[in-house]
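Following: one structure in structure tokens, then a few remarks.
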Amino acid sequence: MPYLPNTSADQQAMLDAIGVTSIDELFEMVPADLRLNRPLALPPALTEFELTDHVGRLAAKNTSAGQRVCFLGGGSYDHFIPAAVDAIASRGEYYTSYTPYQAEASQGNLQVFFEYQTLITRLTGMDVSNASLYDGGSAAAEAVFMCLGATGRRGRVVTAASVHPEYRQILQTHLGNLGIELVTVPTPQGNLAPEDLVSAVNDQTACVLVQQPNFFGCLEEADSLARIAHQAGARFVVSVDPISLGLLTRPGDYGADIVVAEGQSLGNPMAFGGPYLGIIACREELVRRMPGRITGQTTDRHGRRCWVLTLQTREQHIRREKATSNICTNQGLYALRATIYLALMGPQGMREVAELCLQKSRYAQDKLASGGRLSRAFDRPTFKEFVVRDQEDRVEELLEEAGRHGFFAGIPLGRWYPELADSFLVTVTEKRTKQEIDALAASLV
Amino acid sequence: MPYLPNTSADQQAMLDAIGVTSIDELFEMVPADLRLNRPLALPPALTEFELTDHVGRLAAKNTSAGQRVCFLGGGSYDHFIPAAVDAIASRGEYYTSYTPYQAEASQGNLQVFFEYQTLITRLTGMDVSNASLYDGGSAAAEAVFMCLGATGRRGRVVTAASVHPEYRQILQTHLGNLGIELVTVPTPQGNLAPEDLVSAVNDQTACVLVQQPNFFGCLEEADSLARIAHQAGARFVVSVDPISLGLLTRPGDYGADIVVAEGQSLGNPMAFGGPYLGIIACREELVRRMPGRITGQTTDRHGRRCWVLTLQTREQHIRREKATSNICTNQGLYALRATIYLALMGPQGMREVAELCLQKSRYAQDKLASGGRLSRAFDRPTFKEFVVRDQEDRVEELLEEAGRHGFFAGIPLGRWYPELADSFLVTVTEKRTKQEIDALAASLV
Amino acid sequence: MRNTQAIQPLFELSRPGRRAAVLPKCDVPTRPLDELIPSGSLAASPPALPELSEPDVVRHFTNLSTLNMSVDTHFYPLGSCTMKYNPKRNERLVSLPGMADLHPYQPEATLQGMLELLWTLQEMLAEIGGLHAVSLQPAAGAHGELTCLLMARAYFRHLAQPRTKVLAPDSAHGTNPASAAVAGFEYVTIKSTPRGFVDLDDLRAKLDDRVAVFMITNPNTLGMFDREIREIAGLVHEAGGLVYLDGANMNAILGISRPGDFGADMMHYNPHKTFSGPHGGGGPGAGPIAVRANIAPYLPAPLVAKDGNRYRLDYDRPKSIGRVRSFFGNTGVLVRAYCYLRTYGPKGIREVSENAVLNANYLLSRVKHILPVPQGDRCMHEFVATASKIKAEKGVSAMDLAKRLLDYGYHAPTVYFPLTVKESMMIEPTETESKETLDAFAKTLFQITEEPAELLHEAPHTTPISRPDEVRAARQPQTSWPE
Amino acid sequence: MRNTQAIQPLFELSRPGRRAAVLPKCDVPTRPLDELIPSGSLAASPPALPELSEPDVVRHFTNLSTLNMSVDTHFYPLGSCTMKYNPKRNERLVSLPGMADLHPYQPEATLQGMLELLWTLQEMLAEIGGLHAVSLQPAAGAHGELTCLLMARAYFRHLAQPRTKVLAPDSAHGTNPASAAVAGFEYVTIKSTPRGFVDLDDLRAKLDDRVAVFMITNPNTLGMFDREIREIAGLVHEAGGLVYLDGANMNAILGISRPGDFGADMMHYNPHKTFSGPHGGGGPGAGPIAVRANIAPYLPAPLVAKDGNRYRLDYDRPKSIGRVRSFFGNTGVLVRAYCYLRTYGPKGIREVSENAVLNANYLLSRVKHILPVPQGDRCMHEFVATASKIKAEKGVSAMDLAKRLLDYGYHAPTVYFPLTVKESMMIEPTETESKETLDAFAKTLFQITEEPAELLHEAPHTTPISRPDEVRAARQPQTSWPE
Ligand SMILES: Cc1ncc(COP(=O)(O)O)c(C=O)c1O
Ligand SMILES: Cc1ncc(COP(=O)(O)O)c(C=O)c1O
């Protein structure tokens, strides 16, 4: 076996040293009647060449986003990934190491996480970021848990239909289990109307969670919403698209208490949904409720600047049932990738990628709406995504037809929004060209 | 520009420090009338995304060997490359370093080259290997130069038609230039008949160069040929397929004085012909005529075992016009890849890959010959390649037809051997399956 | 020889106007920004990120990486984490465009290869666990624990049983109690016997009709297989509770004993441990869960279903607890697990555990003369030694030994966990290490115990830094670079 | 912290019976070996290679790599080698299956993308050199030199002129004389002036009707552009000879001055220097050559030709000297060069040389106060300082300084070349280094010159080894591990 160094000679020598005669003897601890007396029913072993061939064939049964022109988004985005990200993240010292419990043997990872935390605070305008959570959706749930604790309010959590439906499902799983009401304010106009929020919050509301830009690609009136939440004594949690922060106001500047985000778009492949990167950042006062690992700067025995995991008394391995969260393994490698991505992009790069998304997606909206059959579902300012309504209400056919022309044209919304069964979500990243957009428009008629 | 750190502020500060007012001033050394007064006529700059898209499109205009079933060989082979080879060779410390002139900052490369040299001597049964030459063809030329020097004979060099035609072209380029006769013994039976060699060599013959297995895939009677060469006082040079040495007698055991080989098959991609790996190994007595770099073991100031470039007095940077060769930059990275490949394969792996090539290619021969239209051109034992004759003498059509069925079926031999215009060379590596071979046979009728 | 300049924090390396990434010109007619975005929503300036060239960035992160120990470079016997070799072939295959470049909302017809792979993995994990249904959605082991506990709540809610308690031994990993709390349970600790087994009397005493789940790690965190697991499960089941198996230590029993067969109703796997998913400096992992038929209806949606030879995502699960994560899950880690299982096959996968246990017992036999191993002479995949003797004799702590090991090129074992053993060093060699490595490690450990205490208190001496001031880090936390 | 066990030579790590690679079962009916191979040709036993597991192999080579300095990790001002940043995007693109997985004998119809790329590269290299035809076949710079000299022989043979001599300045790189010798020429050295320029009188004196080629490196190895190059070329041409431009230093004059315009008839490029091909620990490189129309017929075959919008390999070149390498050439390096040139474009490529020259002159201005720079205050892309003063004053040699630089995390400059300057240190920063790096390097160099001589004689002190015994290595050469 390629990964098993022990030869039978090694095994014999080791058994002798242990003082047993067979490997079976070592398993005596396992009562005979609990042992499996047959081989596991698994498919046969494959050599590296056979495995490569086999998985290659499975991969070939998929149509990759690159084989068509991808206009899909909805929380997972086809942004360009610079080669340097892959080149660095594929170094064994990064991807085959584990949590930096031994700071002296992990300064590489610790400094990267410190840099990651800084980049996230700069991007979001918040005070503190942790070193990653699983994904944007579970990060939203963790943020809500923080607010439940911070406010001591267990009455309700308010969110909007314009928040990613799967994120809301995750919230429902947890809040339903705890018997806390999740109020979802409808967004018929494509965004959360401040007046609707006013009537949804009450003095038992732990927090308000909105998404900016929202699931429909529309911009929320974030500052008004923040004010309303705070007036009700609730915390304001925003789920953002990190790419949009190259251009849009930083959540810290309109009053967010906690910012969460899906970090996939920062240099991580779409990979059928994972691994992704759960971003969470908050205000100073909430730091001791922050879930997951946090890296802090300090000095060593010789006064040298260095980094360590800090504030660990929040964490499960110390506080056990009193911990702020149960998270242990996080998404370190994807925090590294995001750090490299942001270091390569810099302020100008982030600004430009955001502007390209904005301009191209606006161009696509006008182009698609110009045909007659399709129209914009919502008349709101958008960033890189928008909802298109099909007069003829034949979304599935339309998208299948576009597929035959070589496009992943959009995401049908009916599965989450019965009232939008005639609509689909179109996303335009910086990778899409005018030519591709024009061709899409031509194919969608 | 992504690779230019200097900002205009940096440039200004640097110009001030130098004491000039503009970058142009720095170029005053270049007479004005020698300066180009227009931009170079090059295609416009591309961003990383545009370049990736552009080169991706160029790549898509090619049909890769993996997109068809590849039965091509003739000195470049479709052997399997384990993932670990790419993973290690893509580490920056290997591929962005240069010749280990500073031993203290290059022990990684030096030890790898020492291990490479050892693996090559073990594989070939020779005493000394260098740290690589350009490719198998130029290595053959270097070997011949060694023999010219060692024997002092400038009369002729004898080789056989069964040696790779391009290698013989390289020899002709050099020997023709030096006015030394290159005698090429015909091989109508598919191999070099000892009696023919006897009449080709004379007392002015510097060396005999043969290939084992030869270009037609056939085995030469290497030991008899060696004896004949030595009886004539000539050196015996053999060009081998390293993969075959998992199974075949080592050249050192049948009297080779110098062994050369194309190392591509040892973990290196076919890459349209390069970079490849020129392997050369010789007997002790010839070591001071060896071209290129050689790594030697020694100890450092503290008595620690270490490695350095040695016997450099052979080389151009020391001996200049008296050097054994003009080579400077070699193929270090590909020597590394071969080292990793051989370390992964081990004795058993090399034995098994050779046996798979042998058995499968023999199966393919019988299968192809069973159809009626095709027949084996030579009735000689072969290793992984063989020559097929088309009764109907329509090789090009036949191969094109096979191409349409998804096969790179073989290499037409007419371009080098008019007498074999009705034949083509078929290669079967360990990667080819019975199913693929059967399908090839079915398509070649 | 180290390049100290390149590893200055990004923010020190930054210079105004430097750039790495350059974006293409906009090829569509552009509009003024304020026409597209309400001025209030436009940031006054681009984000305050560092400005670097590509060579700066590459040199910075390449040098930083060399400050880490890792499985690719060092023996990494970090107990409970199963730091085994991460196959390069898996990395190659998971990054094929046909695997990595798939959008989660593509039509299922364009995902048949991926769905086939994931469906097969579900089947394999059910078989290995001896259980009936599998969800691949949880993102890590702890997430799997939480998901199963949420399912238990739903299950008992459905049975109209008000069960509010989760029990687990004191040796349990921190995520067990933490997951119980997040799921809204009251957490109760069960004593262990000196050899680390569940104290049956204490368990009996604490079992009642309020107990929903008993969580057990078997083999436990001492690397001991609890012989009484069947009896334990029996007691829990009698009391109407469910048995949860923390599968972090599955590396010891693959193909040898199946949780479903010894009484577990629910379990999670840690593919990043058992199935060679790389640990990524802290993650990602994955936390697939396997359950008995009676729990299956509560699994989070979607699962991969097979109709004839078509594969699809099955969302139609009325009793499902819903989602715990967006999209499908940590697919990349799951693809690696699939590659790993396909590489070993039925016979090989058992050899993994055989050699993991052999290596651990061999190392135990080398170490016990140096540091006492309270649990005795046998273990499964890992064992826990104690430094309390040497601590008493010359004041050298487990931490001192751990730090000194770094000097000799070994990552430290897990120290101070489990909490049930004083000055504990939890050592898990894994099956991918050679006898020579284990011998050299034991020899070094012995050498260290002979070294003067002062030297050890100040260790490590050859690492880039030594003994960071953690108190200061926590007192005045600086968790980001000042603007 | 180093793992010393993993870097033992492979042969010490080997254990009988250990395996990494496992091959598939044979799926065709097999025959006894002796039926297929004459017994005499069958090896008695498999080759005596080391036996290792995959984890062994990965850990061995990963740890070994960290003993190297490299451009990705360190400032590498190795004069004459242009150790610039090697773009990661080029590595990604060259390894696309559509580039890396192509057999050289595939039908041209299946190679149109590759041939288009190579044809365009031929065109670009002709334009940059100001010459007319390009061959991409030579495998490195020295190989390009040799190829051009072989063409010169053919050219003069064709003209029935018995020209037997190649001339070059004493500052020429060793490959120049060596290539001349391999091509069968008599090699004659031309003096240089103190500032490193060609001594015109000596050139005149040695020019006659036996001279075939004058080889010149311009900018020369002191990093000086020879103002008299036109005149020099004129003299050579008058004498009926050809001018060869060694293009190793093209990084100084891209888009600024073209060899063809200043009189060169033939030249080579070093894409692994000028066009960012990685140096690979010694190679591979490539040595494309560009020549004037009158030499074009002698270029090695094949070239890439374009008919309409089809591309093909043109073998039909009756006057060609033939082949110097098998197959097409070091394609992978050429693809990287293409990517590099497409990244910079016309304006950018000139900025490369501007910044290379700016960096060199800036560093010269920092260094000259520490070590004298005989050539004066100006240079092109590199300059040569001398340690002869400090050698005289305190016995510290260029080698001592070079070795000590390693301790501070800098690769050493090229020392003792060119031979025309005593105790020479040839420093080439390249354009991809930042001002801060150059400042820090100069500061360190100054610091070192202040350090005690004894310390420097024994440097380096922080590298894995120090001052290997080269004499011993050469006296009793051990070039492989004993069987
Ligand atoms: C025994 C045990 N249980 C649970 C966990 C949690 O798994 P994860 O880190 O994947 O969330 C771990 C690993 O840290 C563990 O060792
Ligand atoms: C001036 C000069 N000429 C020629 C060469 C030879 O080039 P290569 O090493 O690519 O053969 C070099 C590089 O080593 C050089 O610096």
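Order determines the names: the first chain of the structure tokens is A, the second B, and so forth; residues in each chain are numbered 1 upward, and ligands are numbered 1 upward as they are shown.
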Secondary structure check, helix (DSSP H, G or I) residues of segment 62-239 of chain D, as an NGL selection string: :D and (62-65 or 88-94 or 97-100 or 108-110 or 112-129 or 141-158 or 175-182 or 200-206 or 229-238)
Using only C-alpha atoms and all ligand atoms, find each residue with an atom at most 9 Å away from ligand 2 and format the answer as number ranges by chain.
B: 317, 326-330; D: 79-82, 139-145, 172-176, 217-218, 220-221, 246-249, 268-273, 282-287
Please list as a PyMOL selection string every residue within 10 Å of Glu431 of chain D, counting only C-alpha atoms and excluding residues in the same chain fewer than 3 positions away. (chain B and resi 3-6) or (chain D and resi 82-85+251-252+351-360+381+428+434-435)
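Non-sequential neighbours of Glu127 of chain C (distance at most 10 Å, separation of 3 or more positions within a chain, only C-alpha atoms) are Leu40, Ala41 and Leu42 of chain A; Leu121, Gln122, Glu123, Met124, Gly130, Leu131, His132, Ala133, Val134, Gly255, Arg258, Gly260 and Ala290 of chain C.
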How about saving the chosen residues, N, CA and C atoms kept, as a PDB file, in the first residue's frame?
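What follows is the written file out.pdb:
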ATOM      1  N   LEU A  40     -15.135  -5.245   4.689  1.00  0.00           N
ATOM      2  CA  LEU A  40     -16.142  -4.229   4.392  1.00  0.00           C
ATOM      3  C   LEU A  40     -16.546  -4.337   2.928  1.00  0.00           C
ATOM      4  N   ALA A  41     -17.827  -4.088   2.671  1.00  0.00           N
ATOM      5  CA  ALA A  41     -18.313  -4.148   1.291  1.00  0.00           C
ATOM      6  C   ALA A  41     -18.022  -2.808   0.602  1.00  0.00           C
ATOM      7  N   LEU A  42     -16.763  -2.630   0.239  1.00  0.00           N
ATOM      8  CA  LEU A  42     -16.354  -1.406  -0.453  1.00  0.00           C
ATOM      9  C   LEU A  42     -15.875  -1.768  -1.845  1.00  0.00           C
TER      10      LEU A  42
ATOM     11  N   LEU C 121     -19.971   7.735  -1.942  1.00  0.00           N
ATOM     12  CA  LEU C 121     -19.356   8.014  -0.640  1.00  0.00           C
ATOM     13  C   LEU C 121     -20.378   7.811   0.481  1.00  0.00           C
ATOM     14  N   GLN C 122     -21.608   8.270   0.275  1.00  0.00           N
ATOM     15  CA  GLN C 122     -22.661   8.033   1.270  1.00  0.00           C
ATOM     16  C   GLN C 122     -22.767   6.540   1.575  1.00  0.00           C
ATOM     17  N   GLU C 123     -22.775   5.740   0.507  1.00  0.00           N
ATOM     18  CA  GLU C 123     -22.902   4.287   0.670  1.00  0.00           C
ATOM     19  C   GLU C 123     -21.709   3.718   1.432  1.00  0.00           C
ATOM     20  N   MET C 124     -20.515   4.178   1.086  1.00  0.00           N
ATOM     21  CA  MET C 124     -19.308   3.645   1.719  1.00  0.00           C
ATOM     22  C   MET C 124     -19.278   3.997   3.200  1.00  0.00           C
ATOM     23  N   GLY C 130     -21.590   0.825   9.708  1.00  0.00           N
ATOM     24  CA  GLY C 130     -22.621  -0.151  10.053  1.00  0.00           C
ATOM     25  C   GLY C 130     -23.946   0.533  10.350  1.00  0.00           C
ATOM     26  N   LEU C 131     -24.193   1.631   9.648  1.00  0.00           N
ATOM     27  CA  LEU C 131     -25.435   2.386   9.854  1.00  0.00           C
ATOM     28  C   LEU C 131     -26.165   2.522   8.523  1.00  0.00           C
ATOM     29  N   HIS C 132     -27.275   3.243   8.532  1.00  0.00           N
ATOM     30  CA  HIS C 132     -28.164   3.117   7.372  1.00  0.00           C
ATOM     31  C   HIS C 132     -28.222   4.291   6.428  1.00  0.00           C
ATOM     32  N   ALA C 133     -28.083   5.485   6.973  1.00  0.00           N
ATOM     33  CA  ALA C 133     -28.211   6.654   6.102  1.00  0.00           C
ATOM     34  C   ALA C 133     -27.139   7.670   6.453  1.00  0.00           C
ATOM     35  N   VAL C 134     -26.731   8.425   5.454  1.00  0.00           N
ATOM     36  CA  VAL C 134     -25.607   9.353   5.621  1.00  0.00           C
ATOM     37  C   VAL C 134     -25.950  10.717   5.052  1.00  0.00           C
ATOM     38  N   GLY C 255     -12.979  -1.330   9.367  1.00  0.00           N
ATOM     39  CA  GLY C 255     -13.056  -2.722   8.923  1.00  0.00           C
ATOM     40  C   GLY C 255     -12.869  -3.709  10.061  1.00  0.00           C
ATOM     41  N   ARG C 258     -17.671  -1.966  13.838  1.00  0.00           N
ATOM     42  CA  ARG C 258     -18.529  -0.907  13.284  1.00  0.00           C
ATOM     43  C   ARG C 258     -19.431  -0.317  14.352  1.00  0.00           C
ATOM     44  N   GLY C 260     -22.265   0.997  14.338  1.00  0.00           N
ATOM     45  CA  GLY C 260     -23.641   0.503  14.283  1.00  0.00           C
ATOM     46  C   GLY C 260     -23.759  -0.862  14.938  1.00  0.00           C
ATOM     47  N   ALA C 290     -23.566   9.523   9.966  1.00  0.00           N
ATOM     48  CA  ALA C 290     -24.287   8.294   9.613  1.00  0.00           C
ATOM     49  C   ALA C 290     -25.237   7.968  10.755  1.00  0.00           C
TER      50      ALA C 290
END
For this session: Extract, using only C-alpha atoms, all DNA, RNA and protein residues at most 8 Å from segment 159-168 of chain A, discarding same-chain residues fewer than 5 positions from it, and format them as a PyMOL selection string.
Result: (chain A and resi 74-75+136-138+140-141+182-187+190-192+208-211+214-216+416) or (chain C and resi 323+325-327)
Please dump the current selection as a PDB file, in the first residue's frame; keep N, CA and C atoms.
ATOM      1  N   GLY A  74     -25.805  33.751  -6.661  1.00  0.00           N
ATOM      2  CA  GLY A  74     -26.610  33.345  -5.517  1.00  0.00           C
ATOM      3  C   GLY A  74     -25.789  32.850  -4.354  1.00  0.00           C
ATOM      4  N   GLY A  75     -24.622  33.454  -4.134  1.00  0.00           N
ATOM      5  CA  GLY A  75     -23.810  33.098  -2.978  1.00  0.00           C
ATOM      6  C   GLY A  75     -22.546  32.329  -3.319  1.00  0.00           C
ATOM      7  N   GLY A 136     -20.600  31.146   4.816  1.00  0.00           N
ATOM      8  CA  GLY A 136     -21.408  32.333   5.076  1.00  0.00           C
ATOM      9  C   GLY A 136     -22.686  32.022   5.834  1.00  0.00           C
ATOM     10  N   GLY A 137     -23.297  30.885   5.524  1.00  0.00           N
ATOM     11  CA  GLY A 137     -24.568  30.543   6.146  1.00  0.00           C
ATOM     12  C   GLY A 137     -24.430  30.225   7.624  1.00  0.00           C
ATOM     13  N   SER A 138     -23.475  29.369   7.968  1.00  0.00           N
ATOM     14  CA  SER A 138     -23.319  29.039   9.390  1.00  0.00           C
ATOM     15  C   SER A 138     -22.752  30.238  10.139  1.00  0.00           C
ATOM     16  N   ALA A 140     -23.705  33.267   9.627  1.00  0.00           N
ATOM     17  CA  ALA A 140     -24.898  34.065   9.952  1.00  0.00           C
ATOM     18  C   ALA A 140     -25.555  33.519  11.228  1.00  0.00           C
ATOM     19  N   ALA A 141     -25.622  32.192  11.325  1.00  0.00           N
ATOM     20  CA  ALA A 141     -26.211  31.586  12.526  1.00  0.00           C
ATOM     21  C   ALA A 141     -25.381  31.920  13.763  1.00  0.00           C
ATOM     22  N   LEU A 182     -38.425  33.174  14.222  1.00  0.00           N
ATOM     23  CA  LEU A 182     -37.712  33.837  13.147  1.00  0.00           C
ATOM     24  C   LEU A 182     -38.746  34.552  12.282  1.00  0.00           C
ATOM     25  N   VAL A 183     -38.737  35.871  12.342  1.00  0.00           N
ATOM     26  CA  VAL A 183     -39.677  36.661  11.555  1.00  0.00           C
ATOM     27  C   VAL A 183     -39.016  37.058  10.241  1.00  0.00           C
ATOM     28  N   THR A 184     -39.610  36.661   9.142  1.00  0.00           N
ATOM     29  CA  THR A 184     -39.057  36.982   7.834  1.00  0.00           C
ATOM     30  C   THR A 184     -39.942  38.000   7.131  1.00  0.00           C
ATOM     31  N   VAL A 185     -39.471  39.219   7.030  1.00  0.00           N
ATOM     32  CA  VAL A 185     -40.253  40.288   6.420  1.00  0.00           C
ATOM     33  C   VAL A 185     -40.237  40.118   4.893  1.00  0.00           C
ATOM     34  N   PRO A 186     -41.395  40.089   4.275  1.00  0.00           N
ATOM     35  CA  PRO A 186     -41.457  39.952   2.809  1.00  0.00           C
ATOM     36  C   PRO A 186     -40.815  41.154   2.119  1.00  0.00           C
ATOM     37  N   THR A 187     -40.323  40.923   0.901  1.00  0.00           N
ATOM     38  CA  THR A 187     -39.654  42.000   0.165  1.00  0.00           C
ATOM     39  C   THR A 187     -40.174  42.056  -1.261  1.00  0.00           C
ATOM     40  N   GLY A 190     -38.250  43.840  -3.785  1.00  0.00           N
ATOM     41  CA  GLY A 190     -36.861  43.436  -4.036  1.00  0.00           C
ATOM     42  C   GLY A 190     -35.907  43.865  -2.946  1.00  0.00           C
ATOM     43  N   ASN A 191     -36.415  44.609  -1.995  1.00  0.00           N
ATOM     44  CA  ASN A 191     -35.578  44.929  -0.836  1.00  0.00           C
ATOM     45  C   ASN A 191     -36.451  45.133   0.394  1.00  0.00           C
ATOM     46  N   LEU A 192     -35.786  45.227   1.530  1.00  0.00           N
ATOM     47  CA  LEU A 192     -36.513  45.360   2.795  1.00  0.00           C
ATOM     48  C   LEU A 192     -36.906  46.820   3.008  1.00  0.00           C
ATOM     49  N   VAL A 208     -31.531  42.042  13.997  1.00  0.00           N
ATOM     50  CA  VAL A 208     -32.046  42.112  12.635  1.00  0.00           C
ATOM     51  C   VAL A 208     -30.912  41.697  11.714  1.00  0.00           C
ATOM     52  N   LEU A 209     -31.207  40.738  10.844  1.00  0.00           N
ATOM     53  CA  LEU A 209     -30.193  40.246   9.900  1.00  0.00           C
ATOM     54  C   LEU A 209     -30.620  40.577   8.480  1.00  0.00           C
ATOM     55  N   VAL A 210     -29.796  41.364   7.800  1.00  0.00           N
ATOM     56  CA  VAL A 210     -30.084  41.660   6.394  1.00  0.00           C
ATOM     57  C   VAL A 210     -28.856  41.321   5.546  1.00  0.00           C
ATOM     58  N   GLN A 211     -29.070  41.330   4.245  1.00  0.00           N
ATOM     59  CA  GLN A 211     -27.978  41.018   3.314  1.00  0.00           C
ATOM     60  C   GLN A 211     -27.766  42.194   2.381  1.00  0.00           C
ATOM     61  N   ASN A 214     -28.467  42.343  -1.502  1.00  0.00           N
ATOM     62  CA  ASN A 214     -29.265  41.209  -1.053  1.00  0.00           C
ATOM     63  C   ASN A 214     -29.299  40.094  -2.102  1.00  0.00           C
ATOM     64  N   PHE A 215     -30.062  39.039  -1.782  1.00  0.00           N
ATOM     65  CA  PHE A 215     -30.058  37.849  -2.630  1.00  0.00           C
ATOM     66  C   PHE A 215     -30.500  38.152  -4.059  1.00  0.00           C
ATOM     67  N   PHE A 216     -31.304  39.187  -4.210  1.00  0.00           N
ATOM     68  CA  PHE A 216     -31.764  39.571  -5.553  1.00  0.00           C
ATOM     69  C   PHE A 216     -30.778  40.493  -6.243  1.00  0.00           C
ATOM     70  N   TRP A 416     -37.516  28.692  -4.190  1.00  0.00           N
ATOM     71  CA  TRP A 416     -37.519  29.370  -2.884  1.00  0.00           C
ATOM     72  C   TRP A 416     -38.636  30.403  -2.772  1.00  0.00           C
TER      73      TRP A 416
ATOM     74  N   ARG C 323     -31.555  22.768   7.173  1.00  0.00           N
ATOM     75  CA  ARG C 323     -30.157  22.925   6.786  1.00  0.00           C
ATOM     76  C   ARG C 323     -29.280  23.295   7.972  1.00  0.00           C
ATOM     77  N   ARG C 325     -25.913  24.110   6.866  1.00  0.00           N
ATOM     78  CA  ARG C 325     -24.875  24.759   6.072  1.00  0.00           C
ATOM     79  C   ARG C 325     -25.454  25.099   4.707  1.00  0.00           C
ATOM     80  N   SER C 326     -24.883  26.132   4.075  1.00  0.00           N
ATOM     81  CA  SER C 326     -25.346  26.498   2.736  1.00  0.00           C
ATOM     82  C   SER C 326     -24.794  25.509   1.706  1.00  0.00           C
ATOM     83  N   PHE C 327     -25.463  25.416   0.597  1.00  0.00           N
ATOM     84  CA  PHE C 327     -25.032  24.549  -0.498  1.00  0.00           C
ATOM     85  C   PHE C 327     -24.882  23.100  -0.040  1.00  0.00           C
TER      86      PHE C 327
END
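Distances from A:Gly371, A:Gly149, A:Gly349, A:Gly406 to chain C were compared using only C-alpha atoms, and the smallest one belongs to A:Gly349.
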Using only C-alpha atoms, find each residue of chain D with at least one atom at most 10 Å away from an atom of chain A; report its shortest atom-to-atom pair and that distance in Å (one decimal), sort the rows by chain and rising residue number, and return the result as a tab-separated table.
residue	atom	partner	partner_atom	distance
D:Met1	CA	A:Ala105	CA	8.1
D:Arg15	CA	A:Thr7	CA	8.1
D:Pro16	CA	A:Thr7	CA	7.8
D:Gly17	CA	A:Thr7	CA	6.0
D:Arg18	CA	A:Thr7	CA	5.9
D:Arg19	CA	A:Pro2	CA	6.0
D:Ala20	CA	A:Pro2	CA	4.3
D:Ala21	CA	A:Pro2	CA	6.2
D:Val22	CA	A:Thr47	CA	5.9
D:Leu23	CA	A:Thr47	CA	6.1
D:Pro24	CA	A:Thr47	CA	5.9
D:Lys25	CA	A:Thr47	CA	9.1
D:Glu51	CA	A:Pro5	CA	9.8
D:Leu52	CA	A:Pro5	CA	7.3
D:Ser53	CA	A:Pro5	CA	5.2
D:Glu54	CA	A:Tyr3	CA	5.8
D:Pro55	CA	A:Tyr3	CA	6.2
D:Asp56	CA	A:Pro5	CA	7.9
D:Val58	CA	A:Gly92	CA	9.6
D:Arg59	CA	A:Gly92	CA	9.6
D:Thr62	CA	A:Gly92	CA	8.1
D:Pro87	CA	A:Ala84	CA	8.2
D:Lys88	CA	A:Ala84	CA	5.4
D:Arg89	CA	A:Ala83	CA	4.9
D:Asn90	CA	A:Ala83	CA	8.4
D:Glu91	CA	A:Ala83	CA	8.3
D:Arg92	CA	A:Ala83	CA	6.4
D:Leu93	CA	A:Ala83	CA	9.0
